[in-house]
Every structure is written in C-alpha cells, then in structure tokens.
>>> print(open('upload30.csv').read())   # CSV, C-alpha atoms
chain,number,residue,atom,x,y,z
A,1,MET,CA,146.6,81.0,112.3
A,2,THR,CA,144.8,83.7,114.2
A,3,ASP,CA,146.4,84.9,117.3
A,4,LYS,CA,143.4,84.4,119.6
A,5,THR,CA,145.1,86.0,122.6
A,6,SER,CA,145.0,89.4,120.8
A,7,GLU,CA,141.3,89.2,120.1
A,8,ALA,CA,138.9,91.6,121.9
A,9,TRP,CA,135.5,90.4,122.8
A,10,PRO,CA,133.7,91.7,119.7
A,11,GLU,CA,136.1,89.9,117.4
A,12,ILE,CA,135.5,86.7,119.4
A,13,VAL,CA,131.7,87.1,119.2
A,14,VAL,CA,131.9,87.5,115.4
A,15,ARG,CA,134.0,84.4,115.0
A,16,VAL,CA,131.7,82.3,117.2
A,17,LEU,CA,128.5,83.6,115.4
A,18,LYS,CA,130.0,82.5,112.1
A,19,ALA,CA,131.1,79.1,113.5
A,20,ASN,CA,127.5,78.5,114.6
A,21,GLU,CA,126.0,79.8,111.3
A,22,VAL,CA,124.2,82.7,113.0
A,23,LYS,CA,123.7,84.9,109.9
A,24,LEU,CA,120.9,87.3,110.8
A,25,VAL,CA,121.7,90.1,113.3
A,26,THR,CA,119.1,92.5,114.6
A,27,TYR,CA,119.8,95.1,117.1
A,28,VAL,CA,118.7,98.4,118.7
A,29,PRO,CA,121.9,100.3,119.2
A,30,ASP,CA,123.9,100.6,122.4
A,31,ASN,CA,127.2,102.3,123.0
A,32,VAL,CA,128.8,99.2,124.6
A,33,LEU,CA,127.7,97.1,121.7
A,34,SER,CA,128.9,99.6,119.1
A,35,PRO,CA,132.3,97.9,118.3
A,36,LEU,CA,130.5,94.6,117.7
A,37,ILE,CA,127.8,96.4,115.6
A,38,LYS,CA,130.6,98.0,113.5
A,39,LEU,CA,132.2,94.6,112.8
A,40,ILE,CA,128.9,93.0,111.9
A,41,HIS,CA,128.0,95.8,109.4
A,42,ALA,CA,131.5,95.5,107.8
A,43,ASP,CA,131.2,91.8,107.3
A,44,PRO,CA,129.2,90.6,104.3
A,45,TYR,CA,128.5,87.2,106.0
A,46,PHE,CA,125.8,88.9,108.1
A,47,THR,CA,122.3,90.0,107.2
A,48,VAL,CA,121.6,93.0,109.4
A,49,ILE,CA,118.1,94.4,110.1
A,50,VAL,CA,117.8,97.4,112.4
A,51,PRO,CA,114.3,97.8,113.8
A,52,ALA,CA,112.9,100.7,115.8
A,53,ARG,CA,112.2,98.6,118.9
A,54,GLU,CA,113.4,95.4,120.5
A,55,GLU,CA,110.1,93.7,120.2
A,56,GLU,CA,110.4,93.9,116.4
A,57,ALA,CA,113.8,92.4,116.6
A,58,VAL,CA,112.4,89.4,118.6
A,59,GLY,CA,109.7,88.9,115.9
A,60,ILE,CA,112.1,89.2,113.0
A,61,VAL,CA,114.5,86.6,114.5
A,62,ALA,CA,111.6,84.3,115.4
A,63,GLY,CA,110.3,84.5,111.8
A,64,ALA,CA,113.8,83.9,110.3
A,65,TYR,CA,114.3,80.9,112.6
A,66,MET,CA,111.0,79.4,111.4
A,67,ALA,CA,112.1,79.9,107.8
A,68,GLY,CA,115.4,78.1,108.5
A,69,GLN,CA,117.9,80.9,109.3
A,70,ARG,CA,119.6,81.4,112.6
A,71,GLY,CA,119.7,84.8,114.1
A,72,ILE,CA,120.6,86.8,117.2
A,73,THR,CA,119.3,90.1,118.7
A,74,LEU,CA,121.5,92.6,120.4
A,75,MET,CA,120.1,95.0,123.0
A,76,GLN,CA,120.7,97.0,126.1
A,77,THR,CA,119.3,96.2,129.6
A,78,SER,CA,116.5,98.8,129.2
A,79,GLY,CA,115.6,97.3,125.8
A,80,PHE,CA,115.2,93.9,127.4
A,81,ALA,CA,112.7,95.4,129.7
A,82,THR,CA,110.4,96.1,126.7
A,83,ILE,CA,110.2,92.5,125.5
A,84,PRO,CA,108.8,90.3,128.3
A,85,ASN,CA,105.4,89.9,126.6
A,86,ALA,CA,107.0,88.9,123.3
A,87,LEU,CA,109.1,86.3,125.2
A,88,ALA,CA,106.1,85.0,127.2
A,89,SER,CA,103.6,84.9,124.3
A,90,LEU,CA,105.8,84.1,121.3
A,91,ILE,CA,109.3,82.8,122.1
A,92,CYS,CA,108.6,80.6,125.1
A,93,PRO,CA,105.3,78.9,124.1
A,94,PHE,CA,106.3,78.3,120.4
A,95,GLN,CA,109.7,77.0,121.7
A,96,ILE,CA,111.8,79.3,119.5
A,97,PRO,CA,115.6,79.5,120.2
A,98,LEU,CA,115.9,83.2,120.4
A,99,VAL,CA,119.5,84.1,121.2
A,100,MET,CA,119.8,87.5,122.9
A,101,MET,CA,123.0,89.4,123.7
A,102,ILE,CA,122.3,92.0,126.3
A,103,SER,CA,124.8,94.7,127.3
A,104,GLU,CA,124.3,95.3,131.0
A,105,ARG,CA,123.8,98.8,132.2
A,106,GLY,CA,122.7,99.9,135.6
A,107,THR,CA,125.3,98.3,137.7
A,108,LEU,CA,129.0,98.8,138.7
A,109,GLY,CA,129.2,102.5,138.1
A,110,GLU,CA,125.9,103.5,136.6
A,111,PHE,CA,125.1,107.2,136.7
A,112,GLN,CA,121.4,107.1,135.5
A,113,GLN,CA,118.9,106.2,138.0
A,114,GLY,CA,116.4,104.8,135.5
A,115,GLN,CA,119.1,102.4,134.2
A,116,ALA,CA,120.0,101.3,137.7
A,117,ILE,CA,116.4,100.5,138.5
A,118,VAL,CA,115.4,98.7,135.3
A,119,CYS,CA,118.6,96.6,135.5
A,120,ARG,CA,117.2,95.0,138.7
A,121,THR,CA,114.2,93.7,136.7
A,122,MET,CA,116.3,91.8,134.2
A,123,ARG,CA,117.4,88.7,136.1
A,124,PRO,CA,114.0,88.2,137.9
A,125,VAL,CA,112.2,88.4,134.5
A,126,LEU,CA,114.6,85.9,132.9
A,127,GLN,CA,114.3,83.6,135.9
A,128,SER,CA,110.5,83.8,136.1
A,129,LEU,CA,110.2,83.0,132.3
A,130,GLY,CA,112.7,80.2,132.8
A,131,VAL,CA,115.1,81.7,130.2
A,132,GLU,CA,118.7,80.4,130.3
A,133,HIS,CA,121.1,83.2,131.0
A,134,PHE,CA,124.7,83.8,131.8
A,135,ALA,CA,126.8,86.9,132.4
A,136,VAL,CA,130.2,87.0,130.7
A,137,GLN,CA,132.7,88.8,133.0
A,138,ASP,CA,136.1,88.0,131.5
A,139,PRO,CA,137.6,87.9,128.0
A,140,ASP,CA,138.7,84.4,128.6
A,141,GLN,CA,135.0,83.3,129.0
A,142,VAL,CA,133.6,84.9,125.8
A,143,GLU,CA,134.2,82.1,123.4
A,144,PHE,CA,133.1,79.3,125.6
A,145,VAL,CA,130.0,81.0,126.9
A,146,VAL,CA,128.8,82.5,123.7
A,147,ASP,CA,129.4,79.2,121.8
A,148,GLY,CA,127.8,77.1,124.5
A,149,MET,CA,124.7,79.4,124.9
A,150,ILE,CA,124.1,79.4,121.1
A,151,LYS,CA,124.5,75.6,120.8
A,152,GLN,CA,122.2,74.9,123.7
A,153,ALA,CA,119.5,77.3,122.5
A,154,PHE,CA,119.3,75.5,119.1
A,155,ALA,CA,119.7,72.0,120.5
A,156,THR,CA,117.0,72.5,123.2
A,157,GLN,CA,114.7,74.8,121.2
A,158,ALA,CA,114.8,77.4,124.0
A,159,PRO,CA,115.7,81.1,124.2
A,160,ALA,CA,119.1,82.2,125.7
A,161,ALA,CA,120.3,85.5,127.1
A,162,ILE,CA,124.1,86.2,127.0
A,163,ILE,CA,124.6,89.1,129.3
A,164,LEU,CA,127.7,91.2,128.7
A,165,SER,CA,128.8,92.4,132.2
A,166,PRO,CA,130.6,95.7,132.7
A,167,LEU,CA,133.4,93.6,134.1
A,168,LEU,CA,133.9,92.4,130.5
A,169,THR,CA,133.1,95.6,128.6
A,170,LYS,CA,134.2,98.4,130.8
A,171,ARG,CA,137.0,97.1,133.0
A,172,VAL,CA,140.5,98.2,131.9
A,173,ALA,CA,142.7,95.2,131.5
A,174,ALA,CA,145.2,94.7,134.3
B,175,MET,CA,86.5,102.0,88.2
B,176,SER,CA,88.5,104.9,86.8
B,177,LYS,CA,90.0,106.2,90.0
B,178,ALA,CA,93.8,106.0,90.4
B,179,ASN,CA,94.8,103.8,93.3
B,180,ASP,CA,96.4,106.5,95.4
B,181,THR,CA,93.4,108.8,95.2
B,182,VAL,CA,91.2,106.6,97.4
B,183,GLY,CA,91.3,107.5,101.1
B,184,ARG,CA,90.0,105.6,104.0
B,185,ASP,CA,86.6,107.4,103.9
B,186,GLU,CA,86.0,106.4,100.3
B,187,ALA,CA,87.0,102.8,100.6
B,188,LYS,CA,84.1,100.3,100.7
B,189,VAL,CA,83.5,98.6,104.0
B,190,MET,CA,83.9,94.9,103.3
B,191,ASN,CA,83.9,91.6,105.1
B,192,ARG,CA,87.1,90.1,106.6
B,193,SER,CA,86.1,86.4,106.4
B,194,GLU,CA,85.1,86.8,102.7
B,195,LEU,CA,88.3,88.6,101.7
B,196,THR,CA,90.5,86.2,103.7
B,197,ARG,CA,89.0,83.4,101.6
B,198,GLN,CA,89.6,85.5,98.5
B,199,LEU,CA,93.2,86.1,99.4
B,200,VAL,CA,93.9,82.4,100.2
B,201,GLY,CA,92.2,81.4,96.9
B,202,ARG,CA,94.8,83.4,95.0
B,203,LEU,CA,97.8,81.7,96.6
B,204,THR,CA,99.0,79.0,94.3
B,205,ASN,CA,102.8,79.1,94.8
B,206,HIS,CA,103.2,78.1,98.5
B,207,GLU,CA,103.2,81.7,99.7
B,208,ALA,CA,103.7,82.0,103.5
B,209,VAL,CA,101.0,83.8,105.5
B,210,ILE,CA,101.6,85.1,109.0
B,211,GLY,CA,98.3,85.6,110.7
B,212,GLY,CA,98.1,88.3,113.5
B,213,ILE,CA,96.4,87.9,116.8
B,214,GLY,CA,92.6,87.4,117.2
B,215,ASN,CA,90.0,87.6,114.6
B,216,THR,CA,92.6,88.0,111.8
B,217,ASN,CA,93.9,84.6,112.7
B,218,PHE,CA,90.6,83.1,113.2
B,219,ASP,CA,89.5,83.9,109.7
B,220,LEU,CA,92.8,82.7,108.3
B,221,TRP,CA,92.3,79.4,110.1
B,222,ALA,CA,88.7,79.2,108.9
B,223,SER,CA,89.9,79.7,105.3
B,224,GLY,CA,91.5,76.3,105.3
B,225,GLN,CA,94.6,75.3,107.3
B,226,ARG,CA,97.3,75.7,104.6
B,227,PRO,CA,100.6,74.3,105.9
B,228,GLU,CA,102.3,77.6,104.9
B,229,ASN,CA,100.2,79.5,107.4
B,230,PHE,CA,101.5,80.6,110.8
B,231,TYR,CA,99.0,81.5,113.5
B,232,MET,CA,100.4,84.0,116.1
B,233,LEU,CA,98.6,83.5,119.4
B,234,GLY,CA,99.9,86.4,121.4
B,235,SER,CA,102.6,89.1,120.9
B,236,MET,CA,100.1,91.6,119.5
B,237,GLY,CA,101.7,93.7,116.8
B,238,LEU,CA,104.4,91.3,115.7
B,239,ALA,CA,102.9,89.6,112.7
B,240,THR,CA,104.7,92.1,110.3
B,241,SER,CA,108.0,91.6,112.1
B,242,ILE,CA,107.7,87.8,112.0
B,243,ALA,CA,106.8,88.0,108.3
B,244,LEU,CA,109.8,90.2,107.7
B,245,GLY,CA,112.0,87.5,109.3
B,246,VAL,CA,110.5,84.8,107.1
B,247,ALA,CA,110.8,87.0,104.0
B,248,SER,CA,114.5,87.7,104.8
B,249,ALA,CA,115.4,84.1,105.3
B,250,GLN,CA,113.5,82.8,102.2
B,251,PRO,CA,113.8,85.6,99.6
B,252,GLN,CA,112.3,83.4,96.8
B,253,ARG,CA,109.0,82.9,98.7
B,254,LYS,CA,106.3,85.6,98.8
B,255,VAL,CA,105.2,86.3,102.4
B,256,PHE,CA,102.0,87.9,103.6
B,257,ALA,CA,101.4,89.5,107.0
B,258,LEU,CA,97.8,89.8,108.1
B,259,GLU,CA,97.3,92.5,110.8
B,260,GLY,CA,94.3,94.2,112.4
B,261,ASP,CA,94.3,98.0,112.8
B,262,GLY,CA,94.7,97.7,116.5
B,263,SER,CA,97.7,95.4,116.1
B,264,ILE,CA,99.6,97.4,113.6
B,265,LEU,CA,99.0,100.6,115.6
B,266,MET,CA,101.0,99.0,118.4
B,267,GLN,CA,104.1,98.6,116.2
B,268,LEU,CA,104.2,101.3,113.6
B,269,GLY,CA,108.0,101.4,113.6
B,270,ALA,CA,107.8,98.0,111.9
B,271,LEU,CA,106.6,99.7,108.8
B,272,GLY,CA,109.7,101.8,108.7
B,273,THR,CA,111.8,98.7,109.2
B,274,VAL,CA,110.1,96.9,106.3
B,275,ALA,CA,110.8,99.9,104.1
B,276,SER,CA,114.4,100.2,105.2
B,277,VAL,CA,115.3,96.7,104.1
B,278,ALA,CA,113.1,97.0,101.0
B,279,ALA,CA,111.6,93.6,101.4
B,280,LYS,CA,110.7,92.7,97.8
B,281,ASN,CA,108.8,89.5,98.7
B,282,LEU,CA,106.7,91.0,101.6
B,283,ALA,CA,103.1,92.2,101.6
B,284,ILE,CA,101.3,93.5,104.6
B,285,ILE,CA,97.5,93.4,104.6
B,286,VAL,CA,95.6,95.3,107.3
B,287,TRP,CA,92.0,94.6,108.1
B,288,ASP,CA,90.8,98.0,109.5
B,289,ASN,CA,87.4,97.9,111.2
B,290,GLY,CA,88.3,100.8,113.5
B,291,LEU,CA,87.7,98.5,116.5
B,292,TYR,CA,89.4,96.4,119.1
B,293,GLN,CA,86.6,94.0,118.1
B,294,ILE,CA,87.7,91.0,120.3
B,295,THR,CA,87.8,93.0,123.5
B,296,GLY,CA,84.3,94.5,123.2
B,297,SER,CA,84.5,96.7,120.0
B,298,GLN,CA,86.2,99.7,121.6
B,299,GLN,CA,87.3,102.3,119.0
B,300,THR,CA,90.9,102.3,117.7
B,301,LEU,CA,92.7,105.4,116.5
B,302,THR,CA,91.6,104.7,112.9
B,303,SER,CA,88.0,105.5,114.0
B,304,LYS,CA,89.3,108.9,115.1
B,305,GLY,CA,91.1,110.0,112.0
B,306,THR,CA,94.4,107.9,111.8
B,307,ASP,CA,94.9,106.8,108.2
B,308,LEU,CA,97.2,103.7,108.0
B,309,VAL,CA,97.9,104.1,104.3
B,310,VAL,CA,99.2,107.6,104.9
B,311,ILE,CA,101.3,106.3,107.8
B,312,ALA,CA,102.7,103.4,105.7
B,313,LYS,CA,103.6,105.8,102.8
B,314,GLY,CA,105.2,108.1,105.3
B,315,ALA,CA,107.2,105.2,106.7
B,316,GLY,CA,108.6,104.6,103.3
B,317,ILE,CA,106.4,101.9,101.8
B,318,ALA,CA,105.6,103.7,98.5
B,319,GLN,CA,103.2,100.9,97.3
B,320,SER,CA,100.6,101.5,99.9
B,321,PHE,CA,96.9,101.4,99.0
B,322,TRP,CA,93.4,101.3,100.2
B,323,ALA,CA,91.4,98.6,98.6
B,324,TRP,CA,88.3,100.4,97.3
B,325,ASP,CA,86.2,97.3,96.8
B,326,GLU,CA,86.4,93.4,96.5
B,327,ALA,CA,87.6,93.4,92.9
B,328,HIS,CA,90.2,96.1,93.6
B,329,PHE,CA,91.5,94.0,96.6
B,330,GLY,CA,91.9,91.1,94.3
B,331,SER,CA,93.9,93.1,91.8
B,332,LEU,CA,96.1,94.5,94.6
B,333,VAL,CA,96.9,91.0,95.9
B,334,ASP,CA,97.7,89.9,92.3
B,335,LYS,CA,100.1,92.9,92.0
B,336,ALA,CA,101.8,91.8,95.2
B,337,LEU,CA,102.1,88.3,93.9
B,338,GLY,CA,103.5,89.4,90.6
B,339,GLY,CA,105.7,92.3,91.4
B,340,ASP,CA,108.4,93.5,93.8
B,341,GLY,CA,107.3,94.8,97.2
B,342,PRO,CA,107.1,95.8,99.9
B,343,TRP,CA,103.3,96.2,99.6
B,344,PHE,CA,100.9,97.6,102.1
B,345,ILE,CA,97.2,96.9,101.4
B,346,ALA,CA,94.6,98.4,103.9
B,347,VAL,CA,91.1,97.1,103.8
B,348,ARG,CA,88.1,98.6,105.6
B,349,VAL,CA,86.1,95.8,107.1
B,350,ASP,CA,82.9,95.5,109.1
B,351,GLY,CA,82.5,94.2,112.6
B,352,GLY,CA,81.3,90.7,111.5
B,353,LYS,CA,82.3,87.8,113.6
B,354,PRO,CA,85.2,85.5,112.4
B,355,ALA,CA,84.3,82.3,110.7
B,356,GLY,CA,86.1,80.0,113.2
B,357,THR,CA,88.8,79.9,115.9
B,358,THR,CA,92.3,78.6,115.8
B,359,ASP,CA,93.8,75.6,117.4
B,360,ARG,CA,95.8,76.6,120.5
B,361,ASP,CA,98.8,74.4,120.4
B,362,PRO,CA,101.8,76.7,119.7
B,363,VAL,CA,104.4,74.0,119.1
B,364,ARG,CA,102.2,72.1,116.6
B,365,ILE,CA,101.5,75.4,114.8
B,366,ARG,CA,105.2,76.2,114.5
B,367,GLN,CA,106.1,72.7,113.4
B,368,ASN,CA,103.4,72.6,110.8
B,369,PHE,CA,104.5,75.9,109.5
B,370,MET,CA,108.2,75.0,109.4
B,371,GLY,CA,107.3,71.8,107.5
B,372,GLY,CA,105.0,73.8,105.2
B,373,ILE,CA,107.8,76.1,104.1
B,374,ASN,CA,110.6,73.5,104.1
B,375,ALA,CA,112.6,75.0,107.0
B,376,LYS,CA,115.1,72.9,108.9
B,377,ALA,CA,115.3,73.7,112.6
>>> encode(input="upload30.csv", output="structure tokens")
Amino acid sequence: MTDKTSEAWPEIVVRVLKANEVKLVTYVPDNVLSPLIKLIHADPYFTVIVPAREEEAVGIVAGAYMAGQRGITLMQTSGFATIPNALASLICPFQIPLVMMISERGTLGEFQQGQAIVCRTMRPVLQSLGVEHFAVQDPDQVEFVVDGMIKQAFATQAPAAIILSPLLTKRVAA
Amino acid sequence: MSKANDTVGRDEAKVMNRSELTRQLVGRLTNHEAVIGGIGNTNFDLWASGQRPENFYMLGSMGLATSIALGVASAQPQRKVFALEGDGSILMQLGALGTVASVAAKNLAIIVWDNGLYQITGSQQTLTSKGTDLVVIAKGAGIAQSFWAWDEAHFGSLVDKALGGDGPWFIAVRVDGGKPAGTTDRDPVRIRQNFMGGINAKA
C-alpha cells in the first residue's frame, strides 16, 4: 500500500487524475508546475499535447471531451489571462467541463510587477464568468479538492479552476 | 493538369466558391468523418451543406476550430477529422499548426478557405491579401503535406488523399467573396449534444 503521507502534491495530482480517468493533459509550461509535468510525461497513462498558447489547450481539451475523452489543462496565472474569450464563447455556452489547474503567481512574494498585476484579474474573471474555483493551500487539501473539482466539473457539465496557491507550492514545510 | 502539387502558389490557385466546395467536401464524406466548422461564413456554408450529425459548429472562439479538431482527432484516432477555417481565423492561431505537426495527427486535415478578407465584418483585408502565404506557413510549421488547391477537381483529389492516407493535411483554397448559403442554428448545447451523439461520444 502506498504511504500517502510521503506524497508530494504532484504525485497526489497524478493519482487523482488517473482515478478520475483524466487521460489527456495539455499545458503551457510553468516552473511551479514542472515537477507535475515531468511525472505526466514519464507516465504512459497520459496523452500529452503541448500547444504554443493556452487558448489552443482549451480548444484541444474541449474537442477531446466532445469525442469522449477527459482532459485537463495546466497553466500559469498569466496564461489564464489569455483565455477569457475562449471560456466565454466556447466553454461556458457549450457547457463543456474544462478542468484547469492554474499555478498562482503574482502574490505572496512576487518580484515581477506584470505578474502581480495580472494575478489580480484572475478571480474577478472567474467570478464574472461564473466558473467554479478553489485555491489549494495545504498538502492535506490536494486530494480532496482536486478530486472534488474534477468530479463536479463532469457531473455538472461546467468548467472548474483548481488554483495552486504559493502556500502549497512555495512554502517550506514546517 | 501536369503541375506538381507543391509548385502551385497562392497567386496561381484558381479563385473558387466556398459554398460549392463545402458541398463537394461533404459529398465525399462517407465514413462518419467529423467536421469542425470555424466561426462565421465557414460555419454557415457547412450548415447549409446539410446538417450531418458529425458536424460541430463553433459559434465564437475565433481561431480554435483546428485545436478543437485536434482534440477530437486525438480522442478518436480511428475517425478522420476535418477542421474548416477561414484565413482570418487561422491567422489568429498560427501556433496551432505547429501543435498539429508536433503530434503528427494522422487522422486530421485542415481546410482553409482563403478569400483574403474578414468578410463578415465588412470585407476588410486580411494578411493573405498582403502577401502572407498560408501554405508556406503550414509547411514551415512542420505540416509537410500542405497544398494549394489549384481548381475544383484538384480540391477533390486532395480531399480524397486526406481521406485515404495518413495526415496531417493542410489544404488551402482561394475563394471569392460570395455570400454563404445559409446561417447556423444558435443553440450551443444542442449543437454539442448532436455532435457528441453523431460521433458516439459518452459525456
């Protein structure tokens, strides 16, 4: 039996994706996401498509869903800021359960002004589009939140944004 | 015609009619191929060609028909998938051509109707009116099988090649500024559900 207490957040995410039959992963790279990206590339369970832009990733996951395959798209805060039109014109009106995992930059120690500014647009955009979202802050929350967000997205035919807070990804364990 | 496919450039390709060629394309689809129609007149002509259940009509998200088609092609590798784009649309998302090439999507074909215009917003010129050649871009992105259709018969032969052989394929077609032959329904959920039923996908 796996010793779950020793799992880091990327390992937990991989396990939860598999448990929910999320096979297709699309992403635009991000440093915080890189350990998860490495695990996914190393695991033959996943089909991985790496587009040039987050909008493409949204389109690819939407197409795969309509063809019967579950997917997720990984991106950074600034990448999220490039997709509101795709959410508003494709994902929301067609009721497509797009699962997004967004690594949060721009807060709790950001050094780049542009990241800090664009970060402040993320939650207002999610709220104004009515997209379910939740920020994971603690390793103990990862399994429950990721699993719950994925299940709700597919059960309710609605997009979901799982935000990875720096409290989860940057904080050194006590 | 004796010309080799890859010697015909945009300037030499015959200017044809989108409605007519959309009907010709659909007439060649006999094996439940999926067709993803891009925004605007591309979609309108697809709709007017007969509402096949395997058609998806994208109502917004300009530039994403190729990406949606790639997702469908990836999830259902046994089914041929066509993306229909306009020149203005594909110019918005040129990276998608590299993405298609990078995954070597065997069952995907992209057809671009190039009239050099943002026709639906008042026929302003697009970059293809000013020298941008989409076939050169597609080849440069890594889609080796990229061609201009030089006339109606050649278009048909390119579609047949895409139906019979491994892709990805990129077929660019010069078209006139003729009006589309209809307009789509505007109910996104119904469009999605019809499409998912048409390609036997479970939610």
>>> interface_residues(input="upload30.csv", of="chain A", to="chain B", cutoff="10 Å", atoms="all atoms listed in the file", output="ChimeraX atom specification")
/A:23-24,47-53,55-71,83-97,154-155,157
>>> residues_around(input="upload30.csv", residues="Thr169 (chain A)", least_positions_apart="3", cutoff="10 Å", atoms="only C-alpha atoms", output="list in words")
Ala8, Trp9, Pro10, Val32, Leu33, Ser103, Glu104, Val136, Gln137, Asp138, Pro139, Leu164, Ser165, Pro166 and Val172 of chain A
>>> write_last_selection(input="upload30.csv", atoms="C-alpha atoms", output="CSV table (one decimal), in the coordinates of the input")
chain,number,residue,atom,x,y,z
A,8,ALA,CA,138.9,91.6,121.9
A,9,TRP,CA,135.5,90.4,122.8
A,10,PRO,CA,133.7,91.7,119.7
A,32,VAL,CA,128.8,99.2,124.6
A,33,LEU,CA,127.7,97.1,121.7
A,103,SER,CA,124.8,94.7,127.3
A,104,GLU,CA,124.3,95.3,131.0
A,136,VAL,CA,130.2,87.0,130.7
A,137,GLN,CA,132.7,88.8,133.0
A,138,ASP,CA,136.1,88.0,131.5
A,139,PRO,CA,137.6,87.9,128.0
A,164,LEU,CA,127.7,91.2,128.7
A,165,SER,CA,128.8,92.4,132.2
A,166,PRO,CA,130.6,95.7,132.7
A,172,VAL,CA,140.5,98.2,131.9
>>> atom_distance(input="upload30.csv", atom1="CA of Val145 (chain A)", atom2="CA of Val16 (chain A)")
9.9 Å
>>> residues_near_point(input="upload30.csv", point="(120.0, 102.0, 137.6)", cutoff="8 Å", atoms="all atoms listed in the file", output="list in words")
Arg105, Gly106, Thr107, Glu110, Phe111, Gln112, Gln113, Gly114, Gln115, Ala116, Ile117, Val118, Cys119 and Arg120 of chain A
>>> atom_distance(input="upload30.csv", atom1="CA of Ala315 (chain B)", atom2="CA of Ala283 (chain B)")
14.6 Å
>>> residues_around(input="upload30.csv", residues="Pro342 (chain B)", least_positions_apart="6", cutoff="9 Å", atoms="only C-alpha atoms", output="number ranges by chain")
B: 274-275, 278-284, 317-320, 336
>>> atom_distance(input="upload30.csv", atom1="CA of Ile72 (chain A)", atom2="CA of Ala158 (chain A)")
13.0 Å
>>> closest_residue(input="upload30.csv", among="B:Trp343, B:Trp324, B:Trp287, B:Phe256", to="Arg192 (chain B)", atoms="all atoms listed in the file")
B:Trp287
>>> residues_around(input="upload30.csv", residues="Ala19 (chain A)", least_positions_apart="3", cutoff="12 Å", atoms="all atoms listed in the file", output="VMD selection string")
chain A and resid 12 to 16 22 to 23 45 70 143 146 to 148 150 to 151
>>> closest_residue(input="upload30.csv", among="A:Ile40, A:Leu108, A:Val28, A:Val125", to="Ala81 (chain A)", atoms="only C-alpha atoms")
A:Val125
>>> closest_residue(input="upload30.csv", among="A:Gln76, A:Ser34, A:Asn20, A:Gln141", to="Ala161 (chain A)", atoms="all atoms listed in the file")
A:Gln76
>>> residues_around(input="upload30.csv", residues="Leu291 (chain B)", least_positions_apart="6", cutoff="12 Å", atoms="only C-alpha atoms", output="ChimeraX atom specification")
/B:215,260-263,265,297-304,348-352
>>> build_atoms(input="upload30.csv", residues="region 21-27 of chain A", atoms="all heavy atoms", output="CSV table (one decimal), in the coordinates of the input")
chain,number,residue,atom,x,y,z
A,21,GLU,N,126.9,79.4,112.4
A,21,GLU,CA,126.0,79.8,111.3
A,21,GLU,C,124.8,80.7,111.7
A,21,GLU,O,123.7,80.6,111.2
A,21,GLU,CB,125.4,78.5,110.6
A,21,GLU,CG,126.5,77.7,110.0
A,21,GLU,CD,126.0,76.4,109.3
A,21,GLU,OE1,124.8,76.1,109.5
A,21,GLU,OE2,126.8,75.8,108.6
A,22,VAL,N,125.2,81.6,112.6
A,22,VAL,CA,124.2,82.7,113.0
A,22,VAL,C,124.4,83.8,112.0
A,22,VAL,O,125.3,84.6,112.1
A,22,VAL,CB,124.4,83.1,114.4
A,22,VAL,CG1,123.4,84.2,114.8
A,22,VAL,CG2,124.2,81.9,115.4
A,23,LYS,N,123.5,83.9,111.0
A,23,LYS,CA,123.7,84.9,109.9
A,23,LYS,C,122.9,86.2,110.1
A,23,LYS,O,123.3,87.2,109.5
A,23,LYS,CB,123.3,84.3,108.6
A,23,LYS,CG,124.3,83.3,108.0
A,23,LYS,CD,124.0,83.0,106.5
A,23,LYS,CE,125.2,82.3,105.9
A,23,LYS,NZ,125.4,82.7,104.5
A,24,LEU,N,121.8,86.1,110.7
A,24,LEU,CA,120.9,87.3,110.8
A,24,LEU,C,121.2,88.0,112.2
A,24,LEU,O,121.2,87.4,113.2
A,24,LEU,CB,119.5,86.9,110.8
A,24,LEU,CG,118.5,88.0,111.0
A,24,LEU,CD1,118.5,89.0,109.9
A,24,LEU,CD2,117.1,87.4,111.1
A,25,VAL,N,121.5,89.3,112.1
A,25,VAL,CA,121.7,90.1,113.3
A,25,VAL,C,120.7,91.2,113.3
A,25,VAL,O,120.6,92.0,112.3
A,25,VAL,CB,123.1,90.6,113.4
A,25,VAL,CG1,123.3,91.4,114.7
A,25,VAL,CG2,124.2,89.5,113.3
A,26,THR,N,119.9,91.3,114.4
A,26,THR,CA,119.1,92.5,114.6
A,26,THR,C,119.5,93.1,115.8
A,26,THR,O,120.0,92.5,116.8
A,26,THR,CB,117.6,92.0,114.7
A,26,THR,OG1,117.4,91.3,115.9
A,26,THR,CG2,117.1,91.2,113.5
A,27,TYR,N,119.4,94.4,115.9
A,27,TYR,CA,119.8,95.1,117.1
A,27,TYR,C,119.1,96.5,117.2
A,27,TYR,O,118.6,97.1,116.2
A,27,TYR,CB,121.3,95.3,117.1
A,27,TYR,CG,121.8,96.3,116.1
A,27,TYR,CD1,121.9,97.7,116.4
A,27,TYR,CD2,122.3,95.9,114.9
A,27,TYR,CE1,122.4,98.6,115.5
A,27,TYR,CE2,122.8,96.8,114.0
A,27,TYR,CZ,122.8,98.2,114.3
A,27,TYR,OH,123.3,99.1,113.4
